[in-house]
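So this block is target-v9.txt, compact mmCIF, C-alpha atoms:
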```txt
# COMPACT_ATOMS: atom_id res chain seq x y z
CA MET A 1 90.10 93.13 70.69
CA THR A 2 91.57 89.90 72.03
CA THR A 3 89.31 88.10 74.48
CA MET A 4 89.81 85.46 77.13
CA GLN A 5 88.11 83.00 74.78
CA ASP A 6 90.82 83.65 72.17
CA VAL A 7 93.50 82.90 74.76
CA ALA A 8 91.72 79.69 75.78
CA ARG A 9 91.48 78.47 72.14
CA LEU A 10 95.17 79.13 71.43
CA ALA A 11 96.30 77.48 74.67
CA GLY A 12 93.93 74.54 74.24
CA VAL A 13 92.31 74.99 77.64
CA SER A 14 88.99 76.17 79.03
CA VAL A 15 88.11 79.79 79.71
CA MET A 16 87.90 78.90 83.41
CA THR A 17 91.50 77.68 83.32
CA VAL A 18 92.63 80.95 81.74
CA SER A 19 90.76 82.83 84.48
CA ASN A 20 92.43 80.70 87.17
CA VAL A 21 95.86 81.47 85.74
CA ILE A 22 95.18 85.21 85.51
CA ASN A 23 93.89 85.29 89.08
CA GLU A 24 96.88 83.22 90.29
CA HIS A 25 94.89 80.35 91.71
CA PRO A 26 97.29 77.86 93.23
CA HIS A 27 95.79 74.64 91.85
CA VAL A 28 96.96 74.99 88.23
CA ARG A 29 99.70 72.80 86.76
CA ASP A 30 102.91 74.62 85.87
CA SER A 31 102.75 73.28 82.32
CA THR A 32 99.22 74.64 81.91
CA ARG A 33 100.19 77.98 83.44
CA GLN A 34 103.08 78.26 80.95
CA LYS A 35 100.83 77.49 77.95
CA VAL A 36 98.34 80.14 79.00
CA ALA A 37 101.11 82.68 79.64
CA ALA A 38 102.57 82.00 76.19
CA ALA A 39 99.15 82.47 74.56
CA ILE A 40 98.59 85.74 76.45
CA THR A 41 101.98 87.03 75.26
CA GLU A 42 101.43 85.94 71.64
CA LEU A 43 97.98 87.50 71.43
CA GLY A 44 98.84 90.61 73.43
CA TYR A 45 95.90 90.01 75.76
CA HIS A 46 95.31 92.56 78.53
CA VAL A 47 93.14 91.96 81.57
CA ASN A 48 90.20 94.36 81.85
CA THR A 49 91.03 95.46 85.37
CA SER A 50 88.10 97.89 85.56
CA ALA A 51 85.58 95.16 84.82
CA ARG A 52 87.27 92.76 87.19
CA SER A 53 87.26 95.39 89.93
CA LEU A 54 83.53 95.92 89.47
CA ARG A 55 82.91 92.19 89.74
CA GLN A 56 85.11 91.72 92.81
CA GLY A 57 84.27 95.02 94.49
CA ARG A 58 88.00 95.68 94.92
CA THR A 59 90.88 97.02 92.85
CA GLY A 60 93.66 95.07 94.58
CA VAL A 61 95.52 98.33 95.22
CA ILE A 62 96.22 100.02 98.53
CA ALA A 63 97.95 103.35 99.16
CA LEU A 64 100.76 104.32 101.49
CA ALA A 65 101.16 108.02 102.30
CA VAL A 66 104.38 109.05 104.09
CA PRO A 67 105.99 112.45 104.75
CA GLU A 68 109.13 111.88 102.66
CA ILE A 69 110.13 108.76 100.78
CA ASP A 70 113.81 109.78 100.68
CA ARG A 71 114.20 109.48 104.45
CA PRO A 72 115.94 106.16 105.18
CA TYR A 73 113.31 105.14 107.73
CA PHE A 74 110.35 105.64 105.40
CA GLY A 75 112.18 103.98 102.50
CA LEU A 76 112.80 100.95 104.70
CA LEU A 77 109.20 100.90 105.91
CA ALA A 78 107.76 101.28 102.39
CA ASN A 79 109.82 98.35 101.13
CA LEU A 80 108.55 96.11 103.93
CA LEU A 81 104.94 97.17 103.36
CA ILE A 82 105.21 96.51 99.61
CA GLU A 83 106.47 92.99 100.33
CA ARG A 84 103.75 92.27 102.90
CA ALA A 85 100.99 93.62 100.66
CA ALA A 86 102.20 91.58 97.68
CA ALA A 87 102.17 88.42 99.80
CA ARG A 88 98.45 89.07 100.40
CA GLY A 89 97.76 89.73 96.71
CA PHE A 90 97.69 93.54 96.84
CA GLU A 91 99.73 96.19 95.06
CA LEU A 92 100.88 99.21 97.02
CA VAL A 93 101.31 102.74 95.66
CA VAL A 94 103.33 105.33 97.58
CA GLU A 95 102.56 109.03 97.93
CA GLN A 96 104.42 111.84 99.71
CA THR A 97 102.67 114.30 101.99
CA ALA A 98 105.67 116.48 102.98
CA ALA A 99 104.28 116.40 106.54
CA SER A 100 101.55 118.82 105.45
CA ARG A 101 98.06 118.61 106.94
CA GLU A 102 96.49 119.60 103.62
CA ARG A 103 98.38 116.88 101.76
CA GLU A 104 97.56 114.30 104.41
CA LEU A 105 93.88 115.16 103.98
CA ASP A 106 94.36 115.01 100.20
CA ALA A 107 95.82 111.51 100.52
CA ILE A 108 92.62 110.38 102.24
CA SER A 109 90.33 111.88 99.59
CA ARG A 110 92.50 110.73 96.66
CA SER A 111 92.51 107.17 97.93
CA ARG A 112 88.73 107.16 97.83
CA LEU A 113 88.50 108.87 94.44
CA ARG A 114 91.00 106.47 92.86
CA ASN A 115 89.10 103.50 94.27
CA TYR A 116 92.06 102.19 96.25
CA ASP A 117 90.92 99.45 98.58
CA GLY A 118 92.46 101.13 101.62
CA LEU A 119 95.08 103.54 102.96
CA ILE A 120 98.06 103.31 105.30
CA LEU A 121 98.81 106.88 106.40
CA SER A 122 101.78 108.16 108.37
CA ALA A 123 99.99 111.04 110.08
CA VAL A 124 102.12 113.95 111.23
CA GLU A 125 99.91 117.05 111.10
CA LEU A 126 96.33 115.78 111.30
CA HIS A 127 94.30 117.13 114.23
CA ASP A 128 92.08 115.25 116.62
CA ASP A 129 89.11 116.80 114.80
CA ASP A 130 90.21 114.93 111.66
CA ALA A 131 89.80 111.54 113.33
CA VAL A 132 86.28 111.16 111.95
CA LEU A 133 87.85 110.84 108.48
CA LEU A 134 90.07 107.99 109.65
CA ARG A 135 87.38 105.60 110.74
CA GLY A 136 84.12 104.45 109.25
CA ASP A 137 83.44 102.74 105.96
CA TYR A 138 86.85 103.36 104.30
CA PRO A 139 89.67 101.04 105.51
CA THR A 140 92.45 103.18 106.97
CA VAL A 141 95.41 102.38 109.22
CA ILE A 142 97.39 105.17 110.87
CA LEU A 143 101.14 104.95 111.43
CA GLY A 144 102.89 107.20 113.91
CA GLU A 145 102.44 108.81 117.25
CA ARG A 146 99.99 111.62 116.55
CA GLY A 147 97.45 111.34 119.38
CA PHE A 148 93.73 110.93 118.65
CA SER A 149 91.05 110.75 121.31
CA GLY A 150 88.77 108.41 119.35
CA PRO A 151 89.38 104.77 118.39
CA LEU A 152 91.39 104.08 115.23
CA ASP A 153 93.32 101.28 113.60
CA HIS A 154 96.73 102.51 114.70
CA VAL A 155 100.29 101.16 114.60
CA VAL A 156 102.69 103.03 116.85
CA MET A 157 106.29 102.64 117.95
CA ALA A 158 107.35 102.35 121.57
CA ASN A 159 108.90 105.82 121.41
CA GLU A 160 108.93 106.58 125.10
CA GLU A 161 110.42 103.22 125.96
CA GLY A 162 113.04 103.50 123.23
CA ALA A 163 114.14 106.98 124.30
CA ALA A 164 114.39 105.78 127.89
CA LEU A 165 116.64 102.92 126.76
CA ALA A 166 118.88 105.42 124.95
CA ALA A 167 119.18 107.80 127.91
CA ALA A 168 119.75 104.98 130.41
CA HIS A 169 122.50 103.62 128.17
CA LEU A 170 124.27 106.99 128.11
CA VAL A 171 124.00 107.28 131.89
CA ASP A 172 125.40 103.77 132.21
CA ARG A 173 128.35 104.80 130.01
CA GLY A 174 129.21 107.53 132.54
CA CYS A 175 127.79 110.54 130.66
CA ARG A 176 126.57 113.36 132.86
CA THR A 177 125.83 116.30 130.55
CA ILE A 178 123.40 114.59 128.24
CA ALA A 179 121.53 116.37 125.45
CA MET A 180 118.73 115.40 123.09
CA LEU A 181 118.51 116.60 119.50
CA GLY A 182 115.13 116.49 117.74
CA GLY A 183 112.88 116.87 120.75
CA TYR A 184 110.72 119.60 122.18
CA HIS A 185 108.48 120.29 125.16
CA SER A 186 104.85 120.86 124.19
CA ASP A 187 102.85 123.46 126.10
CA SER A 188 99.64 122.24 124.49
CA GLY A 189 100.05 118.64 125.60
CA ALA A 190 100.26 117.42 121.99
CA VAL A 191 101.67 113.94 121.55
CA ASP A 192 103.95 113.09 118.64
CA VAL A 193 107.32 111.45 118.01
CA SER A 194 109.33 114.32 119.49
CA THR A 195 107.30 114.81 122.66
CA SER A 196 107.06 111.07 123.33
CA ARG A 197 110.80 110.63 123.02
CA VAL A 198 111.51 113.65 125.22
CA ARG A 199 109.28 112.16 127.91
CA GLY A 200 111.12 108.84 127.86
CA PHE A 201 114.52 110.52 127.67
CA GLU A 202 113.93 112.75 130.69
CA SER A 203 112.32 110.03 132.80
CA ALA A 204 115.42 107.84 132.34
CA LEU A 205 117.71 110.72 133.31
CA VAL A 206 115.76 111.17 136.54
CA SER A 207 115.97 107.44 137.24
CA GLY A 208 119.73 107.68 136.68
CA GLY A 209 120.13 110.52 139.19
CA ILE A 210 120.45 113.34 136.65
CA THR A 211 118.21 116.40 136.72
CA PRO A 212 116.95 117.15 133.19
CA ASP A 213 117.93 120.53 131.78
CA ALA A 214 115.41 121.88 129.27
CA ARG A 215 118.20 123.85 127.56
CA LEU A 216 119.78 120.56 126.50
CA VAL A 217 116.67 119.44 124.59
CA ARG A 218 116.93 120.93 121.12
CA PRO A 219 114.21 120.89 118.44
CA THR A 220 115.56 120.51 114.93
CA ALA A 221 114.59 119.32 111.48
CA TYR A 222 114.80 115.55 111.09
CA THR A 223 117.54 115.90 108.47
CA LEU A 224 121.31 115.58 108.16
CA GLU A 225 121.73 119.36 108.17
CA GLY A 226 119.32 119.66 111.09
CA GLY A 227 121.51 117.33 113.14
CA ARG A 228 124.73 119.10 112.19
CA SER A 229 123.48 122.61 112.90
CA ALA A 230 121.82 121.64 116.20
CA MET A 231 125.00 119.89 117.38
CA THR A 232 127.17 122.84 116.38
CA GLU A 233 124.96 125.27 118.32
CA LEU A 234 124.87 122.94 121.31
CA LEU A 235 128.68 122.68 121.47
CA GLY A 236 128.91 126.47 121.37
CA GLU A 237 126.68 126.80 124.44
CA PHE A 238 127.57 123.57 126.30
CA PRO A 239 131.14 122.58 125.40
CA ASP A 240 131.16 120.00 128.21
CA VAL A 241 128.33 117.90 126.72
CA ASP A 242 129.44 114.27 126.84
CA GLY A 243 126.36 112.36 125.69
CA VAL A 244 123.80 112.96 122.93
CA PHE A 245 120.57 111.14 122.13
CA CYS A 246 119.28 111.94 118.64
CA ALA A 247 115.60 111.45 117.84
CA THR A 248 116.49 109.76 114.54
CA ASP A 249 119.55 108.16 112.98
CA LEU A 250 119.54 110.87 110.30
CA ILE A 251 119.90 113.55 112.96
CA ALA A 252 122.65 111.45 114.56
CA VAL A 253 124.66 111.29 111.32
CA GLY A 254 124.54 115.08 111.05
CA ALA A 255 125.50 115.46 114.71
CA MET A 256 128.45 113.11 114.28
CA ARG A 257 129.68 115.23 111.36
CA ALA A 258 129.57 118.32 113.59
CA LEU A 259 131.42 116.53 116.38
CA ALA A 260 134.12 115.39 113.97
CA ASP A 261 134.45 118.93 112.56
CA ALA A 262 134.86 120.22 116.14
CA GLY A 263 137.61 117.70 116.87
CA ARG A 264 135.50 115.71 119.35
CA ARG A 265 136.17 112.00 119.47
CA MET A 266 133.34 109.48 119.63
CA PRO A 267 132.80 107.90 122.06
CA GLN A 268 135.81 109.08 124.09
CA ASP A 269 134.63 112.70 124.29
CA VAL A 270 130.96 112.41 123.33
CA ALA A 271 128.84 109.26 123.17
CA VAL A 272 126.04 109.27 120.57
CA VAL A 273 122.82 107.23 120.31
CA GLY A 274 120.34 107.37 117.44
CA PHE A 275 116.86 105.98 116.84
CA ASP A 276 115.55 103.85 113.91
CA ASP A 277 118.47 101.47 113.14
CA VAL A 278 118.51 102.23 109.43
CA PRO A 279 121.09 100.21 107.43
CA LEU A 280 123.48 103.19 107.27
CA ALA A 281 123.94 103.10 111.06
CA SER A 282 126.15 100.02 111.03
CA PHE A 283 128.42 101.38 108.23
CA LEU A 284 129.41 104.69 109.83
CA THR A 285 132.79 105.31 111.46
CA PRO A 286 132.24 104.93 114.32
CA SER A 287 129.20 102.73 113.82
CA LEU A 288 126.10 104.15 115.49
CA THR A 289 124.49 102.81 118.64
CA THR A 290 120.78 103.13 118.05
CA ILE A 291 117.29 102.14 119.11
CA ALA A 292 115.99 99.46 116.76
CA PRO A 293 112.22 99.20 116.26
CA ASP A 294 110.83 95.90 115.01
CA HIS A 295 110.13 97.25 111.52
CA ALA A 296 108.94 93.90 110.20
CA ALA A 297 106.42 93.43 113.00
CA MET A 298 105.01 96.92 112.44
CA ALA A 299 104.67 96.33 108.69
CA ASP A 300 102.97 92.98 109.33
CA ALA A 301 100.54 94.58 111.76
CA ALA A 302 99.65 97.47 109.45
CA VAL A 303 99.01 95.28 106.40
CA THR A 304 97.08 92.66 108.38
CA MET A 305 94.87 95.26 110.05
CA LEU A 306 94.14 96.98 106.74
CA ILE A 307 93.38 93.84 104.71
CA ASP A 308 91.24 92.40 107.51
CA ARG A 309 89.24 95.61 107.31
CA ILE A 310 89.08 95.44 103.49
CA GLU A 311 87.90 91.84 103.54
CA GLY A 312 85.35 92.52 106.27
CA SER A 313 86.75 90.01 108.74
CA ARG A 314 86.42 92.44 111.66
CA ALA A 315 83.41 94.22 113.08
CA ASP A 316 83.04 97.86 112.04
CA ASP A 317 83.68 99.08 115.59
CA ASP A 318 86.61 96.72 116.26
CA TYR A 319 89.47 99.24 116.19
CA ARG A 320 92.91 98.18 117.34
CA THR A 321 96.21 99.74 118.37
CA VAL A 322 99.46 97.82 117.97
CA VAL A 323 102.65 99.02 119.67
CA GLY A 324 105.83 97.85 117.95
CA PRO A 325 108.64 96.77 120.29
CA VAL A 326 112.10 98.37 120.39
CA ARG A 327 115.57 97.32 121.53
CA LEU A 328 118.97 98.94 121.96
CA VAL A 329 121.69 97.95 119.46
CA GLU A 330 125.11 98.80 120.90
CA ARG A 331 127.85 99.85 118.48
CA GLU A 332 131.05 101.86 118.47
CA SER A 333 129.59 105.33 119.11
CA THR A 334 129.05 104.41 122.77
CA ALA A 335 131.68 101.65 123.21
CA ARG A 336 133.42 101.66 126.58
```

Rewrite the structure of this file - the entire thing - as structure tokens.
Amino acid sequence: MTTMQDVARLAGVSVMTVSNVINEHPHVRDSTRQKVAAAITELGYHVNTSARSLRQGRTGVIALAVPEIDRPYFGLLANLLIERAAARGFELVVEQTAASRERELDAISRSRLRNYDGLILSAVELHDDDAVLLRGDYPTVILGERGFSGPLDHVVMANEEGAALAAAHLVDRGCRTIAMLGGYHSDSGAVDVSTSRVRGFESALVSGGITPDARLVRPTAYTLEGGRSAMTELLGEFPDVDGVFCATDLIAVGAMRALADAGRRMPQDVAVVGFDDVPLASFLTPSLTTIAPDHAAMADAAVTMLIDRIEGSRADDDYRTVVGPVRLVERESTAR
């Protein structure tokens, strides 16, 4: 089996230099780095990652668990997190949980069993009782709005503020029968994306002089078909609806399809606002007005919090919550 000593002899350098190249130390000449790389290729040398992990106490790998990777928002977020992790010298592996509590719990246990250095988890179905698994000796950062009573490393979006911006914008555009797709009222007091956005949406209506109508808040799947079917049902019951806030851009795209099928013009007949500002939003016809979170800032916060925890640069009980800012991006779907 080829050893590091063999690589050093072929490249004409010391074993320490080979180690520095493999570990990407910055103070190595480019010419030396190229010689070592050529020797590694010629000899077919492979780094013993297991042994290196034992020596360093880390694998250099962190996990990201999200509900569905094919949703535009999570694809965008995963790409940003991969870039941020790589800049700090970590690889990131992505897993899907399908918004299942069992699979979210599995993601936590698998991360430990596979010796990942830490986990970034988009929690949708975990309960408050599960919070004990999310803090302690294993570095974990939670993404999303699921409420937990205990302290956690948590990155959340300003959902209530963003929904309020959307509703206020529709009121400002002269809409008076304003609906929300993808929201619901919780009898249990549970806090998640949907309930947070409903709260912001309805508070802005009240501020704009409009009494919220619970019948105009429609729960639906956060999918294209969910948006289309919810919009179709809404038009059947409230044909005079003139403004719609959708809890995600994906719902908004489905709703816009339903409006077009029903012969409703946007924004002349119905103004539409989404949430997430995924790249698709600016390419639609009409282009979609939406609430834009600062995706980059949230990715930076999540990776920094996790790696600080991995590297032990924070006290064990120093848990933090970061709220990512949002802004309204006006496009054709609400143009005057």

Just how far from CA of Ala123 (chain A) is CA of Pro72 (chain A), in Å to one decimal? 17.4 Å

Which residues are near region 319-334 of chain A? Cut-off 7 Å, all atoms listed in the file, ignore same chain within fewer than 6 positions. Put them as a list in words. Pro151, Leu152, Asp153, His154, Val155, Val156, Met157, Ala158, Gly162, Leu165, Met266, Pro267, Ala271, Val272, Pro286, Ser287, Leu288, Thr289, Thr290, Ile291, Ala292, Pro293, Asp294, Ala297 and Met298 of chain A

Env of Arg215 (chain A): 9 Å cut, atoms = all atoms listed in the file, seq-sep filter 3 positions within chain, self excluded. Answer as a list of chain:residue names.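 The residues satisfying every condition are A:Ala179, A:Pro212, A:Arg218.
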
Residue nearest Pro279 (chain A) - candidates A:Asp30, A:Glu83, A:Asp187, A:Asp249, atoms counted: all atoms listed in the file: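 Using all atoms listed in the file, Pro279 (chain A) sits closest to A:Asp249.
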
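Separating CA of Ala85 (chain A) from CA of Ile69 (chain A) is a distance of 17.7 Å.
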
Using all atoms listed in the file for the distances, tell me which of A:Ala214, A:Val66, A:Leu284, A:Met256 is nearest to Ile142 (chain A).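 Checking each candidate against Ile142 (chain A), we get A:Val66 as the closest.
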
How far is it from CA of Leu181 (chain A) to CA of Arg336 (chain A), in Å with one decimal?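 Separation between CA of Leu181 (chain A) and CA of Arg336 (chain A): 22.3 Å.
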
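Nearest to Val273 (chain A) of all the residues A:Met180, A:Leu119, A:Ala166, A:Ala98 is A:Ala166, counting only C-alpha atoms.
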
Mind checking which residues fall within 7 Å of region 225-241 of chain A, counting all atoms listed in the file, ignoring those fewer than 3 positions away in the same chain, and posting them as a VMD selection string? chain A and resid 177 to 178 181 218 220 to 222 251 to 252 254 to 255 257 to 258 270

For Ile108 (chain A), the closest of A:Phe90, A:Ala65, A:His295, A:Phe148 counting all atoms listed in the file is A:Ala65

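Proximity to Ala164 (chain A) at 6 Å, evaluated using only C-alpha atoms and with sequence-adjacent residues fewer than 2 positions away removed, yields Glu161, Gly162, Ala166, Ala167, Ala168, Gly200, Phe201 and Ala204 of chain A.
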
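Ranking A:Glu42, A:Asp117, A:Glu145, A:Asp130 by their shortest atom-to-atom distance to Glu102 (chain A), with all atoms listed in the file included, puts A:Asp130 first.
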
Mind listing whatever residues come within 12 Å of the point (93.0, 91.8, 107.8)? Use all atoms listed in the file, file coordinates, and give them as a PyMOL selection string. chain A and resi 84-85+88+118+139-141+153+300-315+318-320

Could you check the closest approach to Ile40 (chain A) for each of A:Thr195, A:Asn23, A:Leu92, A:Ala11 and tell me which residue wins, using all atoms listed in the file? A:Ala11
